[in-house]
Structure formats: structure tokens, C-alpha cells
Amino acid sequence: MAVLSAVLAPSAAAADVQSQQWYLSAMKADEMWKVSTGKGVKVAVVDTGVNPNTPSLKGQVLAGEVPKAVGYKATEDYEGHGTSMAELIAGTGAGGGLKGLAPGAKIVPYRLAMKAMKNESERKRAPELADVIRAIADSDVKIISMSFTGGIDNPKDREAFKYAQSKGKLMIAGTGNDAQEKNFIGYPAAYPYVVGVAASDKSGTVGKFSEYGNYVDLASPGVDVPRWCDNTFRSYCTGQGTSQATAIASASAALIWSAHPDWTANQVLASLIDTAGRDWAKDDPSTYLGYGLIRPRKVLENSKFNPGSAGTDPLAKENATGVTDATGAKPSASASTSSQAPKDTTGGRTSAAGSSSESSDNTTMWVALGAAGAVLVIGGGAFAVIRSRRGA
């Protein structure tokens with residue numbers, strides 16, 4: 001496991017951790033930042049809380065904008081996960097920290113009870129997901145970033161996400177990291193109007209851990225991406241997961257929305273879908289990569305980019321169909337039940353950060369289910385993938 005110090009010799013640590021952010025050069029972040037840094041866009045990070053006092057996040061976290069009713073300990077991160085996601089989105093890179101893909105954006109933090117929360121009293125006082133989503137929907141936050149997953153389809157949550165969509169929010173969530181074990185249906189990524197994000201590596205290969213299904217909408221870098229090792233905030237570790245992929249996808253959306261503040265959530269998402277790296281028809285998305293690998297630079301470099309109609313939902317087909325299995329059928333009630341995480345006060349939610357990466361051998365694989373290979377370009381690098389068609 002790679003551990004990068006963020007305490008001793010800050011300047012050296014900055015060079016170390018930022019050199020591990022391979023996707024910044026692959027996506028040509030320096031070129032994008034000449035057009036947009038995400039300024040003016042607020043991103044809600046719904047997670048384990050966000051520590052606003054790390055060097056990279058000082059001045060970046062708008063803790064005062066969290067409604068008191070759902071703001072219990074929003075700025076106390078009990079795992080280090082939420083802080084990591086916030087830095088990947090909007091970190092300044094100061095003092096040896098991660099450099100966010102959208103360093104001009106601002107973070108509004110929210111804290112949920114997940115399995116990593118051991119304090120029973122804090123679990124009871126943590127806000128419900130549905131209440132958090134409704135509070136964000138009623139705010140001026142534009143993007144809701146959710147790097148967690150659970151196996152429970154809660155009607156209250158479903159209605160809350162529908163409400164947030166009606167209020168013009170762009171909602172992005174990781175699909176989860178259990179593909180090798182059970183590949184259960186992951187919520188909130190599987191809810192209508194939520195963009196499900198898979199994780200890819202430097203070559204564009206889907207991580208073998210990255211969960212798949214017809215609710216995967218986009219793929220984003222999520223292998224060998226640094227994050228805080230734990231909630232002591234003393235060092236960074238290189239890891240993998242759809243959590244990191246979600247944060248980077250959220251930052252990509254922030255860059256585009258900042259450059260085009262008059263666009264709607266539909267248009268921002270449509271632009272990401274239209275420019276995603278793929279060599280298959282856009283109307284035939286992949287089970288593993290959705291519409292392809294995110295390439296926000298392709299939007300930003302074209303000042304006259306046409307994002308389509310403001311009111312057209314780019315995921316209308318998926319939202320109408322709902323979650324289906326590999327044959328295109330709705331999962332049976334028994335199948336859904338067997339795939340659920342245990343019911344508890346956290347709703348079975350776990351962060352989607354995955355494990356630390358120890359070698360390239362155990363982080364990626366070629367996904368081959370009767371599909372042809374493709375070479376895609378995300379920013380400046382070639383990304384090789386193998387896809388599987390998904391029925392609808």
C-alpha cells in the first residue's frame with residue numbers, strides 16, 4: 001500500500017501526492033483551468049462529513065450553508081472519506097494536499113451514518129438521507145456528489161431524489177465496489193435521475209471491483225487515486241473505488257457548469273454524455289462503462305458547444321425503464337431481497353472508496369462478455385476498454 005506523507009516536509013508531500021493524481025494530466029486539467037476552475041458552483045458532498053481545516057480545503061467549505069436540521073457534525077469526518085472526496089473535487093492543493101479537478105468550486109458538507117460510524121449515539125442523531133437530499137434541493141447547490149452505496153431501495157429516498165431532480169439538481173453517485181462478490185444493485189446510483197459512475201484505471205479499463213448494470217451511466221478515473229488514509233489526516237494512501245470516480249465526475253460537471261452558468265442540469269449531463277469516450281453508438285450504452293469515459297475538456301474547448309434542450313432528460317430511457325438484469329428483465333422480488341445489504345440504522349450504506357491499491361494486478365481487468373475492444377481518448381491519453389452491451 002502506498003502511503004504519502006502530508007505532514008512532514010509539506011512541499012515534498014505536495015509533489016508526492018499530486019504526482020499520484022495521474023488523471024489530472026490525462027484529462028489535461030491545466031488546459032481546462034484556463035477556461036474554467038468551477039468558480040461559482042457549489043457541490044454538496046454527502047458523505048462521512050468534511051474536515052474544512054485540511055490545508056487543501058481551507059476556505060473551500062461552506063459549513064455555514066448547511067441547514068441546522070440536517071447539519072449534525074457535518075464538519076467532523078469520522079473516517080476521512082468525505083474529506084478526501086471534497087479535496088478531489090475542490091482542493092486547492094495547498095500545504096501538501098490533493099489538487100481538486102475543480103479548485104474554484106465550493107463544498108457544502110453533509111454527514112450521514114454509514115457502517116464506518118461506530119458511535120451509536122451519533123448514528124441516532126445523524127440525519128436521514130431523504131431529509132438531506134430535500135434540504136439540498138431547496139438550496140442553491142447545483143451538484144450533489146454521493147460516494148457511497150447501499151442495497152436498500154427506500155421509497156422516501158426515491159421520492160427525495162425525484163424532488164431534487166424537479167429542483168434542477170445534478171445528482172452523481174458511485175455504483176459500488178462489490179462486483180467480484182455479489183454485484184448487488186447499488187443505491188442511490190440505481191435511482192432514477194441519479195448518474196451512476198463506474199471506475200476506470202489509467203488505461204480506461206474498468207476496475208474489476210466496479211459494479212455494473214444498466215444504471216451505469218458514465219465511467220471516471222477511480223483506480224490508483226489518492227485519498228486520506230484515515231480520519232487523523234496525517235497521510236494519504238493510494239486507493240481505488242467508485243467513490244473517487246464519483247468525485248472526479250462531480251468536479252467535471254462543476255467545470256462545465258461554471259463555464260456555462262445558464263445551462264440546466266440536463267444540459268450539463270448531456271454534454272458529458274455527448275463527449276464521453278466510446279466507439280459504440282450513443283443509444284447503446286455499456287453495462288460497465290455506460291455512455292463512456294468522461295472528457296469535460298471536449299466541452300470546454302468548444303465555446304459554441306450545443307448541449308441540447310434545457311428540458312430534455314438525457315437519461316429518459318433509463319429513468320423510464322428502471323433497473324434491469326442482464327436479460328433486460330426487472331429483478332425479481334426474491335432476487336432483490338437476497339442482494340440487499342443487512343438492514344441497520346445506516347441503511348446498509350458503505351463508502352464506495354474500495355481498498356488500497358497494492359499492485360496493478362489486482363486493480364483492473366479486461367471485461368469480456370462477447371464484446372469488441374475499443375481505444376478511447378480521455379483528455380490526452382489512450383484508454384483501452386472492452387464493453388458489454390446492455391439491454392433495456
# chains A, B, ... in the order shown; residues from 1 in each chain; ligands from 1

$ select_by_dssp --residues "region 167-252 of chain A" --states "strand (DSSP E or B)" --output "NGL selection string"
:A and (170-174 or 187 or 194-200 or 206-207 or 216-221 or 223-228 or 235-240)

$ write_last_selection --atoms "N, CA, C and O atoms" --output "short mmCIF file (atom, residue, chain, number, x, y, z; two decimals), in the first residue's frame"
data_model
loop_
_atom_site.label_atom_id
_atom_site.label_comp_id
_atom_site.auth_asym_id
_atom_site.auth_seq_id
_atom_site.Cartn_x
_atom_site.Cartn_y
_atom_site.Cartn_z
N LEU A 170 -28.15 18.26 -10.23
CA LEU A 170 -27.45 17.18 -10.91
C LEU A 170 -26.90 16.25 -9.83
O LEU A 170 -26.08 16.66 -9.01
N MET A 171 -27.36 15.01 -9.82
CA MET A 171 -27.02 14.06 -8.76
C MET A 171 -26.13 12.96 -9.31
O MET A 171 -26.46 12.32 -10.32
N ILE A 172 -24.98 12.73 -8.66
CA ILE A 172 -23.98 11.80 -9.14
C ILE A 172 -23.59 10.85 -8.01
O ILE A 172 -23.32 11.29 -6.89
N ALA A 173 -23.55 9.54 -8.29
CA ALA A 173 -23.25 8.56 -7.24
C ALA A 173 -22.43 7.40 -7.79
O ALA A 173 -22.54 7.03 -8.96
N GLY A 174 -21.62 6.80 -6.91
CA GLY A 174 -20.83 5.63 -7.28
C GLY A 174 -21.68 4.39 -7.33
O GLY A 174 -22.63 4.24 -6.55
N TYR A 187 -27.76 1.55 -4.54
CA TYR A 187 -28.48 2.82 -4.41
C TYR A 187 -27.61 3.80 -3.63
O TYR A 187 -26.85 3.39 -2.76
N VAL A 194 -30.42 9.81 -10.97
CA VAL A 194 -29.08 9.81 -10.37
C VAL A 194 -28.10 9.22 -11.38
O VAL A 194 -28.34 8.15 -11.94
N VAL A 195 -27.00 9.91 -11.62
CA VAL A 195 -25.98 9.46 -12.57
C VAL A 195 -25.09 8.43 -11.90
O VAL A 195 -24.39 8.74 -10.94
N GLY A 196 -25.10 7.20 -12.39
CA GLY A 196 -24.27 6.14 -11.83
C GLY A 196 -22.90 6.14 -12.47
O GLY A 196 -22.77 6.12 -13.69
N VAL A 197 -21.85 6.14 -11.63
CA VAL A 197 -20.48 6.25 -12.13
C VAL A 197 -19.66 5.00 -11.81
O VAL A 197 -19.60 4.56 -10.66
N ALA A 198 -19.02 4.44 -12.84
CA ALA A 198 -18.10 3.32 -12.69
C ALA A 198 -16.67 3.85 -12.61
O ALA A 198 -16.41 5.01 -12.94
N ALA A 199 -15.75 3.00 -12.18
CA ALA A 199 -14.35 3.40 -12.01
C ALA A 199 -13.46 2.76 -13.07
O ALA A 199 -13.56 1.57 -13.34
N SER A 200 -12.55 3.58 -13.63
CA SER A 200 -11.60 3.07 -14.61
C SER A 200 -10.18 3.37 -14.15
O SER A 200 -9.95 4.20 -13.28
N VAL A 206 -12.09 -0.87 -16.98
CA VAL A 206 -12.96 -0.87 -15.82
C VAL A 206 -12.31 -1.64 -14.69
O VAL A 206 -11.76 -2.73 -14.90
N GLY A 207 -12.33 -1.08 -13.46
CA GLY A 207 -11.82 -1.80 -12.30
C GLY A 207 -12.64 -3.06 -12.09
O GLY A 207 -13.87 -3.04 -12.19
N VAL A 216 -25.36 2.07 -14.82
CA VAL A 216 -24.06 2.72 -15.01
C VAL A 216 -24.21 3.70 -16.18
O VAL A 216 -24.58 3.31 -17.29
N ASP A 217 -23.94 4.95 -15.92
CA ASP A 217 -24.14 5.99 -16.94
C ASP A 217 -22.84 6.54 -17.51
O ASP A 217 -22.77 6.87 -18.69
N LEU A 218 -21.81 6.65 -16.69
CA LEU A 218 -20.53 7.17 -17.12
C LEU A 218 -19.40 6.45 -16.37
O LEU A 218 -19.65 5.85 -15.32
N ALA A 219 -18.21 6.53 -16.91
CA ALA A 219 -17.03 5.99 -16.22
C ALA A 219 -16.05 7.12 -15.99
O ALA A 219 -15.97 8.07 -16.77
N SER A 220 -15.30 7.02 -14.90
CA SER A 220 -14.42 8.10 -14.47
C SER A 220 -13.21 7.49 -13.77
O SER A 220 -13.28 6.37 -13.24
N PRO A 221 -12.06 8.18 -13.75
CA PRO A 221 -10.88 7.64 -13.06
C PRO A 221 -11.16 7.28 -11.60
O PRO A 221 -11.65 8.11 -10.84
N VAL A 223 -9.05 4.31 -10.11
CA VAL A 223 -8.03 3.34 -9.71
C VAL A 223 -6.71 4.06 -9.52
O VAL A 223 -6.32 4.89 -10.34
N ASP A 224 -6.02 3.75 -8.42
CA ASP A 224 -4.75 4.40 -8.08
C ASP A 224 -4.92 5.90 -7.93
O ASP A 224 -4.12 6.70 -8.43
N VAL A 225 -5.98 6.27 -7.22
CA VAL A 225 -6.26 7.68 -6.94
C VAL A 225 -6.07 7.92 -5.44
O VAL A 225 -6.65 7.21 -4.62
N PRO A 226 -5.27 8.91 -5.03
CA PRO A 226 -5.00 9.11 -3.61
C PRO A 226 -6.20 9.61 -2.82
O PRO A 226 -7.08 10.28 -3.36
N ARG A 227 -6.19 9.29 -1.53
CA ARG A 227 -7.19 9.77 -0.58
C ARG A 227 -6.54 9.75 0.79
O ARG A 227 -5.48 9.16 0.99
N TRP A 228 -7.17 10.40 1.78
CA TRP A 228 -6.67 10.33 3.14
C TRP A 228 -6.74 8.90 3.64
O TRP A 228 -7.73 8.20 3.41
N SER A 235 -1.68 11.39 6.62
CA SER A 235 -1.06 10.88 5.40
C SER A 235 -2.11 10.46 4.39
O SER A 235 -3.26 10.16 4.73
N TYR A 236 -1.67 10.45 3.14
CA TYR A 236 -2.52 9.99 2.05
C TYR A 236 -2.14 8.57 1.66
O TYR A 236 -0.98 8.16 1.77
N CYS A 237 -3.11 7.81 1.19
CA CYS A 237 -2.89 6.47 0.67
C CYS A 237 -3.45 6.39 -0.75
O CYS A 237 -4.47 7.01 -1.05
N THR A 238 -2.80 5.63 -1.58
CA THR A 238 -3.31 5.41 -2.93
C THR A 238 -4.33 4.29 -2.89
O THR A 238 -4.05 3.20 -2.38
N GLY A 239 -5.52 4.55 -3.41
CA GLY A 239 -6.59 3.57 -3.33
C GLY A 239 -7.39 3.48 -4.61
O GLY A 239 -7.01 4.03 -5.65
N GLN A 240 -8.51 2.80 -4.52
CA GLN A 240 -9.35 2.59 -5.68
C GLN A 240 -10.80 2.55 -5.25
O GLN A 240 -11.12 2.21 -4.12
#

$ residues_around --residues "Lys58 (chain A)" --least-positions-apart "4" --cutoff "9 Å" --atoms "only C-alpha atoms" --output "PyMOL selection string"
chain A and resi 52-54+91-92+94

$ closest_residue --among "A:Gly290, A:Pro261, A:Gly38, A:Gly308" --to "Gly100 (chain A)" --atoms "only C-alpha atoms"
A:Gly38

$ atom_distance --atom1 "CA of Gly213 (chain A)" --atom2 "CA of Val141 (chain A)"
28.6 Å

$ residues_around --residues "Arg134 (chain A)" --least-positions-apart "3" --cutoff "7 Å" --atoms "only C-alpha atoms" --output "list of chain:residue names"
A:Ala130, A:Asp131, A:Ala137, A:Asp138, A:Ala160, A:Ala164

$ closest_residue --among "A:Ser139, A:Gly82, A:Thr242, A:Gly93" --to "Asp16 (chain A)" --atoms "only C-alpha atoms"
A:Gly93

$ closest_residue --among "A:Glu79, A:Lys99, A:Leu129, A:Val45" --to "Pro155 (chain A)" --atoms "only C-alpha atoms"
A:Leu129

$ closest_residue --among "A:Asn119, A:Thr350, A:Gly311, A:Gln18" --to "Gly186 (chain A)" --atoms "only C-alpha atoms"
A:Thr350
